[in-house]
Each structure stands twice: as structure tokens, then as C-alpha cells.
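The structure file run_33.tsv is reproduced below (TSV, C-alpha atoms and all ligand atoms).
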chain	number	residue	atom	x	y	z
V	1	MET	CA	-75.77	-11.27	-33.37
V	2	THR	CA	-75.77	-7.88	-31.68
V	3	LYS	CA	-74.73	-5.16	-34.07
V	4	ARG	CA	-72.97	-2.04	-32.81
V	5	ARG	CA	-74.96	1.13	-33.50
V	6	VAL	CA	-73.01	3.53	-35.70
V	7	GLY	CA	-73.47	7.19	-36.56
V	8	VAL	CA	-71.78	8.46	-39.73
V	9	LEU	CA	-70.83	12.12	-40.11
V	10	ILE	CA	-70.51	13.46	-43.65
V	11	SER	CA	-70.12	16.76	-45.49
V	12	GLY	CA	-70.33	15.75	-49.14
V	13	ARG	CA	-70.87	13.07	-51.73
V	14	GLY	CA	-70.83	10.13	-49.35
V	15	SER	CA	-69.14	7.42	-51.38
V	16	ASN	CA	-67.46	6.00	-48.26
V	17	LEU	CA	-70.83	6.16	-46.54
V	18	ALA	CA	-72.25	4.11	-49.43
V	19	ALA	CA	-69.50	1.51	-48.96
V	20	LEU	CA	-70.36	1.29	-45.26
V	21	ILE	CA	-74.08	1.02	-46.00
V	22	ASP	CA	-73.37	-1.87	-48.38
V	23	ALA	CA	-71.23	-3.65	-45.80
V	24	CYS	CA	-73.87	-3.21	-43.10
V	25	ARG	CA	-76.38	-5.03	-45.30
V	26	GLN	CA	-74.50	-8.28	-44.73
V	27	PRO	CA	-76.26	-10.27	-41.99
V	28	ASP	CA	-72.96	-11.16	-40.29
V	29	TYR	CA	-71.53	-7.63	-40.37
V	30	PRO	CA	-71.04	-6.45	-36.75
V	31	ALA	CA	-72.38	-2.90	-37.18
V	32	GLU	CA	-75.49	-1.08	-38.33
V	33	ILE	CA	-75.80	2.58	-39.30
V	34	VAL	CA	-78.54	4.22	-37.25
V	35	LEU	CA	-77.90	7.86	-38.15
V	36	VAL	CA	-76.24	9.82	-40.95
V	37	LEU	CA	-75.58	13.40	-39.96
V	38	SER	CA	-74.27	16.20	-42.16
V	39	ASN	CA	-73.20	19.76	-41.45
V	40	ARG	CA	-74.36	20.62	-44.97
V	41	ALA	CA	-77.95	20.25	-46.17
V	42	ASP	CA	-76.74	19.71	-49.77
V	43	ALA	CA	-74.49	16.74	-48.96
V	44	GLY	CA	-75.10	14.03	-51.58
V	45	GLY	CA	-74.65	11.34	-48.97
V	46	LEU	CA	-77.91	12.33	-47.27
V	47	GLY	CA	-79.83	11.04	-50.31
V	48	ARG	CA	-77.88	7.77	-50.27
V	49	ALA	CA	-78.78	7.29	-46.61
V	50	ALA	CA	-82.44	8.11	-47.12
V	51	GLU	CA	-82.63	5.63	-50.04
V	52	ALA	CA	-81.27	2.98	-47.70
V	53	GLY	CA	-83.92	3.82	-45.10
V	54	ILE	CA	-81.44	5.28	-42.62
V	55	ALA	CA	-82.38	8.23	-40.41
V	56	THR	CA	-80.66	11.47	-41.41
V	57	ALA	CA	-80.03	14.78	-39.68
V	58	VAL	CA	-78.60	18.11	-40.76
V	59	VAL	CA	-76.80	20.27	-38.22
V	60	PRO	CA	-75.56	23.32	-40.15
V	61	HIS	CA	-72.36	24.61	-38.58
V	62	ARG	CA	-73.11	28.12	-39.83
V	63	GLU	CA	-76.20	28.30	-37.65
V	64	HIS	CA	-74.13	27.88	-34.51
V	65	PRO	CA	-72.14	30.74	-33.00
V	66	ASP	CA	-69.07	28.62	-32.23
V	67	ARG	CA	-67.60	25.13	-32.62
V	68	GLU	CA	-68.62	24.10	-29.12
V	69	SER	CA	-72.32	24.71	-29.63
V	70	PHE	CA	-72.21	23.05	-33.07
V	71	GLU	CA	-70.54	19.99	-31.58
V	72	ALA	CA	-72.91	19.88	-28.63
V	73	ALA	CA	-75.78	19.70	-31.12
V	74	VAL	CA	-74.07	16.93	-33.12
V	75	HIS	CA	-73.25	15.04	-29.93
V	76	SER	CA	-76.81	15.16	-28.64
V	77	ARG	CA	-78.15	13.84	-31.99
V	78	LEU	CA	-75.70	10.95	-31.84
V	79	VAL	CA	-76.61	10.15	-28.26
V	80	ALA	CA	-80.35	10.40	-28.99
V	81	ALA	CA	-79.92	7.88	-31.82
V	82	GLY	CA	-78.17	5.49	-29.45
V	83	CYS	CA	-74.88	5.58	-31.35
V	84	GLU	CA	-72.05	3.57	-29.84
V	85	LEU	CA	-69.48	4.31	-32.55
V	86	VAL	CA	-69.02	7.30	-34.85
V	87	CYS	CA	-67.46	7.19	-38.33
V	88	LEU	CA	-66.22	10.34	-40.03
V	89	ALA	CA	-66.66	9.84	-43.77
V	90	GLY	CA	-65.59	13.01	-45.54
V	91	PHE	CA	-66.71	15.16	-42.60
V	92	MET	CA	-64.82	18.38	-43.23
V	93	ARG	CA	-65.04	20.09	-39.84
V	94	LEU	CA	-62.22	20.12	-37.34
V	95	LEU	CA	-63.36	18.64	-34.05
V	96	THR	CA	-62.51	20.14	-30.67
V	97	PRO	CA	-60.92	18.19	-27.80
V	98	TRP	CA	-64.33	18.28	-26.10
V	99	PHE	CA	-66.00	16.21	-28.83
V	100	VAL	CA	-62.98	13.97	-29.36
V	101	SER	CA	-62.81	13.12	-25.65
V	102	ARG	CA	-66.55	12.33	-25.52
V	103	TRP	CA	-66.04	9.71	-28.22
V	104	ARG	CA	-62.52	8.62	-27.40
V	105	ASP	CA	-61.71	5.20	-28.89
V	106	ARG	CA	-65.18	5.14	-30.46
V	107	LEU	CA	-64.53	7.78	-33.15
V	108	VAL	CA	-62.97	6.68	-36.45
V	109	ASN	CA	-61.85	8.64	-39.52
V	110	ILE	CA	-60.75	7.83	-43.05
V	111	HIS	CA	-58.10	9.90	-44.76
V	112	PRO	CA	-56.85	9.58	-48.37
V	113	ALA	CA	-53.14	9.23	-47.55
V	114	LEU	CA	-50.77	6.91	-45.77
V	115	LEU	CA	-50.64	8.85	-42.51
V	116	PRO	CA	-48.65	10.34	-40.92
V	117	ALA	CA	-47.68	11.51	-44.42
V	118	PHE	CA	-49.95	14.16	-45.91
V	119	PRO	CA	-52.42	15.13	-43.19
V	120	GLY	CA	-54.77	18.03	-43.90
V	121	LEU	CA	-56.21	19.12	-47.23
V	122	ASP	CA	-55.34	18.98	-50.93
V	123	ILE	CA	-53.88	15.51	-50.48
V	124	HIS	CA	-53.78	14.26	-54.07
V	125	ARG	CA	-52.00	17.34	-55.44
V	126	ARG	CA	-49.48	17.24	-52.60
V	127	THR	CA	-48.94	13.50	-53.10
V	128	LEU	CA	-48.17	14.00	-56.80
V	129	GLU	CA	-45.96	17.02	-56.13
V	130	ALA	CA	-43.95	15.08	-53.56
V	131	GLY	CA	-43.14	12.44	-56.17
V	132	VAL	CA	-43.95	9.48	-53.93
V	133	THR	CA	-44.54	6.17	-55.69
V	134	ILE	CA	-46.91	4.63	-53.15
V	135	ALA	CA	-50.08	6.33	-51.90
V	136	GLY	CA	-53.16	5.01	-50.16
V	137	CYS	CA	-55.58	5.59	-47.36
V	138	THR	CA	-55.67	5.27	-43.58
V	139	VAL	CA	-58.50	4.44	-41.19
V	140	HIS	CA	-57.64	5.59	-37.69
V	141	PHE	CA	-59.07	6.44	-34.28
V	142	VAL	CA	-59.42	10.19	-33.88
V	143	ARG	CA	-57.23	12.10	-31.45
V	144	GLU	CA	-56.92	15.83	-30.94
V	145	GLY	CA	-54.46	16.51	-33.77
V	146	VAL	CA	-55.54	16.87	-37.41
V	147	ASP	CA	-55.71	13.44	-39.07
V	148	ASP	CA	-53.90	11.97	-36.09
V	149	GLY	CA	-54.55	8.89	-33.96
V	150	PRO	CA	-53.94	5.14	-33.68
V	151	ILE	CA	-54.00	3.50	-37.12
V	152	ILE	CA	-56.50	0.67	-37.56
V	153	LEU	CA	-55.81	-0.18	-41.17
V	154	GLN	CA	-54.00	1.19	-44.19
V	155	ALA	CA	-54.39	0.35	-47.86
V	156	ALA	CA	-51.65	1.11	-50.36
V	157	VAL	CA	-51.95	1.82	-54.07
V	158	PRO	CA	-49.25	2.70	-56.60
V	159	VAL	CA	-48.78	6.18	-57.99
V	160	LEU	CA	-48.38	5.68	-61.74
V	161	PRO	CA	-46.20	7.86	-63.95
V	162	ASP	CA	-49.12	9.32	-65.91
V	163	ASP	CA	-51.33	9.98	-62.90
V	164	ASP	CA	-53.10	13.27	-62.44
V	165	GLU	CA	-55.18	14.24	-59.41
V	166	GLU	CA	-58.28	12.68	-60.91
V	167	SER	CA	-56.79	9.27	-61.68
V	168	LEU	CA	-54.90	9.09	-58.38
V	169	SER	CA	-57.89	10.11	-56.27
V	170	ALA	CA	-60.07	7.50	-58.06
V	171	ARG	CA	-57.53	4.76	-57.30
V	172	ILE	CA	-57.25	5.80	-53.66
V	173	LEU	CA	-61.02	6.11	-53.34
V	174	ALA	CA	-61.47	2.52	-54.54
V	175	ALA	CA	-59.05	1.49	-51.79
V	176	GLU	CA	-60.98	3.58	-49.25
V	177	HIS	CA	-64.18	1.74	-50.12
V	178	ARG	CA	-62.51	-1.57	-49.27
V	179	ALA	CA	-60.62	-0.35	-46.25
V	180	TYR	CA	-63.34	1.48	-44.32
V	181	PRO	CA	-65.86	-1.37	-44.05
V	182	ARG	CA	-63.07	-3.73	-43.05
V	183	ALA	CA	-61.74	-1.35	-40.40
V	184	LEU	CA	-65.21	-0.71	-38.98
V	185	ALA	CA	-65.77	-4.46	-38.76
V	186	LEU	CA	-62.56	-4.80	-36.75
V	187	VAL	CA	-63.65	-2.05	-34.35
V	188	ALA	CA	-67.29	-3.13	-34.04
V	189	SER	CA	-66.46	-6.78	-33.45
V	190	GLY	CA	-64.16	-5.84	-30.58
V	191	SER	CA	-61.28	-7.72	-32.14
V	192	ILE	CA	-58.74	-4.94	-31.69
V	193	ARG	CA	-57.35	-3.08	-28.73
V	194	ILE	CA	-55.47	0.20	-28.52
V	195	ASP	CA	-52.00	0.04	-27.00
V	196	GLY	CA	-50.65	3.59	-26.78
V	197	ASN	CA	-50.56	4.81	-30.35
V	198	ARG	CA	-50.71	1.29	-31.76
V	199	VAL	CA	-53.70	-0.85	-32.58
V	200	ARG	CA	-53.37	-4.56	-31.87
V	201	THR	CA	-55.49	-7.24	-33.45
V	202	ALA	CA	-56.68	-9.22	-30.43
V	203	GLY	CA	-55.01	-12.57	-30.00
V	204	SER	CA	-54.27	-12.90	-33.69
V	205	THR	CA	-51.07	-13.13	-35.64
V	206	SER	CA	-52.98	-14.63	-38.52
V	207	PRO	CA	-52.03	-13.57	-42.05
V	208	GLU	CA	-55.75	-13.01	-42.61
V	209	GLY	CA	-54.98	-9.31	-42.15
V	210	LEU	CA	-52.92	-9.19	-45.31
V	211	LEU	CA	-55.21	-8.85	-48.26
V	212	MET	CA	-53.99	-8.34	-51.79
V	213	CYS	CA	-56.23	-6.96	-54.48
V	214	PRO	CA	-54.91	-8.63	-57.66
V	215	ASP	CA	-55.87	-5.90	-60.10
V	216	GLU	CA	-54.25	-3.08	-58.21
V	217	ALA	CA	-51.67	-4.72	-55.95
V	218	LEU	CA	-53.72	-3.29	-53.14
V	219	GLY	CA	-52.43	-4.23	-49.70
V	220	LEU	CA	-54.62	-4.08	-46.60
V	221	ARG	CA	-52.97	-4.60	-43.27
V	222	PRO	CA	-54.64	-4.09	-39.92
V	223	ALA	CA	-51.98	-2.56	-37.72
V	224	GLY	CA	-50.53	-5.09	-35.30
V	225	ALA	CA	-51.26	-8.14	-37.45
V	226	LEU	CA	-48.35	-9.89	-39.12
V	301	LIG	C1	-62.62	10.82	-48.97
V	301	LIG	O1	-61.59	10.72	-49.91
V	301	LIG	C2	-62.07	10.88	-47.57
V	301	LIG	O2	-60.93	10.09	-47.39
V	301	LIG	C3	-61.74	12.35	-47.46
V	301	LIG	O3	-62.83	13.00	-48.04
V	301	LIG	C4	-63.34	12.17	-49.09
V	301	LIG	C5	-64.82	12.03	-48.90
V	301	LIG	O4	-65.38	11.36	-50.00
V	301	LIG	N1	-61.55	12.74	-46.07
V	301	LIG	C6	-60.59	13.58	-45.68
V	301	LIG	O5	-59.83	14.15	-46.44
V	301	LIG	C7	-60.51	13.79	-44.16
V	301	LIG	N2	-59.30	14.42	-43.81
V	301	LIG	P1	-66.82	10.69	-49.88
V	301	LIG	O6	-67.77	11.79	-49.38
V	301	LIG	O7	-67.17	10.27	-51.28
V	301	LIG	O8	-66.72	9.56	-48.92

Spit out the file's structure as C-alpha cells when you get a sec.
Ligand code: GAR
Amino acid sequence: MTKRRVGVLISGRGSNLAALIDACRQPDYPAEIVLVLSNRADAGGLGRAAEAGIATAVVPHREHPDRESFEAAVHSRLVAAGCELVCLAGFMRLLTPWFVSRWRDRLVNIHPALLPAFPGLDIHRRTLEAGVTIAGCTVHFVREGVDDGPIILQAAVPVLPDDDEESLSARILAAEHRAYPRALALVASGSIRIDGNRVRTAGSTSPEGLLMCPDEALGLRPAGAL
């Protein structure tokens, strides 16, 4: 089986990266990570990648005079590594239309909220302050807006009465670690197509897309599947 070559961009601890690395170890998983790139040399995820034998690169944004030259450097590293898809996994730099258009429909992000609610930063505090009872995460193709683009998959978790930022973010993070590998598999296997702002699961109305996690009532639904 031909695996799609994936570059992962990180800025920090890299727990989503670790979930993707684990998934890619499965022989029948349709993607392999060929490069992990960080804008910060102290990103914990770089160590996780190195332990897994994956090539790493650091492109410090502060050493570039502007966003364009930073992104040109990132882009050329991705191209040199033969990346076909790019996953943002806690990559905390805004990307310009130039970069987004280079990787259009091949650039995926994970965000710890049920978009389009709560884009941006400080998500868990804002989620608690808003008093919502359902939170979750979204994996989506990247467009020019912040945390915007066609939704591939969302996972929902409850917000419990006693939650604080720590407990809520831990519950959402567990959902992220299930959602991201599943969403990348959908993209890498070519089993979805983008229809305007909607993602369709190719030729499938199978309930396979609905996945309940018994201990957390976690729902995973690829957009477009019934
Ligand atoms: C994750 O919660 C991810 O959803 C979030 O950063 C965290 C990175 O954690 N990304 C965003 O907020 C993007 N807007 P990780 O480094 O352990 O994967």
C-alpha cells in the first residue's frame, strides 16, 4: 500500500503529533510522517519525533524578518521532504494566504472547539465562561481565516458542572487524539471530497462514521456521512 507522505508542524508539547505517530505505525494506515517541523527549538514534540526515528527541522520564526520569508523556509523544507499533506498539530503561527494557497486542500488543522464556535485562543476558558454544555474538537482543511475551513471530522465531549480549564482541556485532548488520526486517514486514503465548504465522504452513507466512545459519550462524525 502506498502511504501518503505527511509533514507535521508543531510549536509545543506534541501530544497530537504522538497520536499521529502511533496511528502511522499501523501497517494499513494510509499515511506516514516524513518530517516534523517546529518554529520553536524547545518544542517537546521534536523529542517525540526523534524517538520515533522521524526527521525533524526547526525553522525559528524570530530569525526571519517577516511572515513571508518564514513561510517560504517552511514550505521549502516540506517540499524537500517530499510531503504531500501537511498537518498542523498545535502550530501556533498564523499562516498567510500565500502558504495556505500552496497547500490548498492538503493542509489540515486541529482545534480544541466545535468550530465555528470558539476560534482563536484561550478556548477552554471561553468555553467555560460561555456556559455551553457540549464542547469538543474539530479537524478541518485550512483556509485563509483563523481556524476556518471545511470540516473533516468533529468529536464532542460533555462539559461537566465541576469542570475547570484543566479537566475540560484534558477531556477535549483525549478526543483530539482519537479524532486527528481518524481524520488524517480519511484525507490520506482519498475517501473524502470537498464540496464548497462541506466535506463529503466518498460514496458512503455508511454509519461507520458514527463512533461512540462508551466511557465519555464521545461522538465522532465525519462531515457528510450519515
Ligand atoms: C491542541 O489542543 C490543539 O488542538 C491546539 O493546541 C494544542 C496542541 O497540543 N491547537 C490550537 O489551538 C490551534 N488553533 P499538543 O501540542 O499536545 O498537540

Exercise. Work out how far apart CA of Trp98 in chain V and CA of Glu68 in chain V are and give it in Å to one decimal.
Key: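 These two atoms are separated by 7.8 Å.
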
Find the nearest atom pair between each residue of chain V and ligand LIG 301 (chain V) for residues within 6 Å, count only C-alpha atoms and all ligand atoms, give distances in Å to one decimal, sort rows by chain and ascending number, and present the table as a tab-separated table.
residue	atom	partner	partner_atom	distance
V:Gly12	CA	V:LIG301	O6	4.7
V:Arg13	CA	V:LIG301	O6	4.1
V:Gly14	CA	V:LIG301	O6	3.5
V:Ser15	CA	V:LIG301	O7	3.5
V:Asn16	CA	V:LIG301	O8	3.7
V:Leu17	CA	V:LIG301	O8	5.8
V:Ala89	CA	V:LIG301	O8	5.2
V:Gly90	CA	V:LIG301	C5	3.6
V:Ile110	CA	V:LIG301	O2	4.9
V:His111	CA	V:LIG301	O2	3.9
V:Pro112	CA	V:LIG301	O2	4.2
V:Gly120	CA	V:LIG301	N2	5.8
V:Leu173	CA	V:LIG301	O1	5.8

Go ahead and write the selection's residues with C-alpha atoms as a PDB file, in the frame of the given file.
ATOM      1  CA  GLY V  12     -70.330  15.750 -49.140  1.00  0.00           C
ATOM      2  CA  ARG V  13     -70.870  13.070 -51.730  1.00  0.00           C
ATOM      3  CA  GLY V  14     -70.830  10.130 -49.350  1.00  0.00           C
ATOM      4  CA  SER V  15     -69.140   7.420 -51.380  1.00  0.00           C
ATOM      5  CA  ASN V  16     -67.460   6.000 -48.260  1.00  0.00           C
ATOM      6  CA  LEU V  17     -70.830   6.160 -46.540  1.00  0.00           C
ATOM      7  CA  ALA V  89     -66.660   9.840 -43.770  1.00  0.00           C
ATOM      8  CA  GLY V  90     -65.590  13.010 -45.540  1.00  0.00           C
ATOM      9  CA  ILE V 110     -60.750   7.830 -43.050  1.00  0.00           C
ATOM     10  CA  HIS V 111     -58.100   9.900 -44.760  1.00  0.00           C
ATOM     11  CA  PRO V 112     -56.850   9.580 -48.370  1.00  0.00           C
ATOM     12  CA  GLY V 120     -54.770  18.030 -43.900  1.00  0.00           C
ATOM     13  CA  LEU V 173     -61.020   6.110 -53.340  1.00  0.00           C
TER      14      LEU V 173
END

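Here CA of Ala179 in chain V and CA of His140 in chain V stand 10.8 Å from one another.
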
Quiz item: In Å, how far is it from CA of Arg106 in chain V to CA of Ala155 in chain V?
Solution: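 Calculated distance between CA of Arg106 in chain V and CA of Ala155 in chain V is 21.0 Å.
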
Self-check item: Nearest-residue call for Ala174 in chain V, choices V:Cys137, V:Ala117, V:Val79, V:Ala57, using only C-alpha atoms
Solution: V:Cys137

Self-check item: Nearest-residue call for Leu168 in chain V, choices V:Arg182, V:Arg198, V:Arg125, V:Lys3, using all atoms listed in the file
Solution: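 Nearest candidate to Leu168 in chain V out of V:Arg182, V:Arg198, V:Arg125, V:Lys3: V:Arg125.
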
Practice problem: Find the residues near Ala188 in chain V: any atom within 12 Å, counting all atoms listed in the file, skip ones fewer than 3 places away on the same chain, and give them as a PyMOL selection string. | Solution: chain V and resi 1-6+24+28-33+83-87+105-108+152+180-185+191-193

Quick one: write out the picked residues with C-alpha atoms as a short mmCIF file (atom, residue, chain, number, x, y, z; two decimals), in the coordinates of the input?
data_model
loop_
_atom_site.label_atom_id
_atom_site.label_comp_id
_atom_site.auth_asym_id
_atom_site.auth_seq_id
_atom_site.Cartn_x
_atom_site.Cartn_y
_atom_site.Cartn_z
CA MET V 1 -75.77 -11.27 -33.37
CA THR V 2 -75.77 -7.88 -31.68
CA LYS V 3 -74.73 -5.16 -34.07
CA ARG V 4 -72.97 -2.04 -32.81
CA ARG V 5 -74.96 1.13 -33.50
CA VAL V 6 -73.01 3.53 -35.70
CA CYS V 24 -73.87 -3.21 -43.10
CA ASP V 28 -72.96 -11.16 -40.29
CA TYR V 29 -71.53 -7.63 -40.37
CA PRO V 30 -71.04 -6.45 -36.75
CA ALA V 31 -72.38 -2.90 -37.18
CA GLU V 32 -75.49 -1.08 -38.33
CA ILE V 33 -75.80 2.58 -39.30
CA CYS V 83 -74.88 5.58 -31.35
CA GLU V 84 -72.05 3.57 -29.84
CA LEU V 85 -69.48 4.31 -32.55
CA VAL V 86 -69.02 7.30 -34.85
CA CYS V 87 -67.46 7.19 -38.33
CA ASP V 105 -61.71 5.20 -28.89
CA ARG V 106 -65.18 5.14 -30.46
CA LEU V 107 -64.53 7.78 -33.15
CA VAL V 108 -62.97 6.68 -36.45
CA ILE V 152 -56.50 0.67 -37.56
CA TYR V 180 -63.34 1.48 -44.32
CA PRO V 181 -65.86 -1.37 -44.05
CA ARG V 182 -63.07 -3.73 -43.05
CA ALA V 183 -61.74 -1.35 -40.40
CA LEU V 184 -65.21 -0.71 -38.98
CA ALA V 185 -65.77 -4.46 -38.76
CA SER V 191 -61.28 -7.72 -32.14
CA ILE V 192 -58.74 -4.94 -31.69
CA ARG V 193 -57.35 -3.08 -28.73
#

Quiz item: Which polymer residues have any atom within 12 Å of an atom of Phe118 in chain V, counting only C-alpha atoms, with same-chain residues fewer than 3 positions away left out, as a list in words?
Solution: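 The filter keeps His111, Pro112, Ala113, Leu114, Leu115, Leu121, Asp122, Ile123, His124, Arg125, Arg126, Thr127, Leu128, Glu129, Ala130, Val132, Ala135, Gly136, Cys137, Thr138, Val146, Asp147 and Asp148 of chain V.
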
Self-check item: Counting all atoms listed in the file, the option among V:Ala19, V:Val157, V:Ala72, V:Ala80 closest to Ala175 in chain V
Solution: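 Counting all atoms listed in the file, the residue closest to Ala175 in chain V is V:Val157.
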
Quiz item: With only C-alpha atoms as the atoms that count, which of V:Ile172, V:Val100, V:Ile151, V:Leu20 lies nearest to Val8 in chain V?
Solution: V:Leu20

Practice problem: Kindly indicate which residue among V:Ile134, V:Ala81, V:Ala18, V:Met92 lies nearest to Asn39 in chain V, using all atoms listed in the file for the distances. | Solution: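 Among the listed residues, the smallest separation from Asn39 in chain V belongs to V:Met92.
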
Quiz item: Which of these, V:Asp195, V:Glu63, V:Ala156, V:Val58, has the shortest distance to Val139 in chain V once you count all atoms listed in the file?
Solution: V:Ala156

Quiz item: Neighbours of Glu51 in chain V within 12 Å (all atoms listed in the file; same-chain residues fewer than 4 positions away dropped), as a list in words?
Solution: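 Here the qualifying residues turn out to be Ala18, Ile21, Val36, Gly44, Gly45, Leu46, Gly47, Ala55 and Thr56 of chain V.
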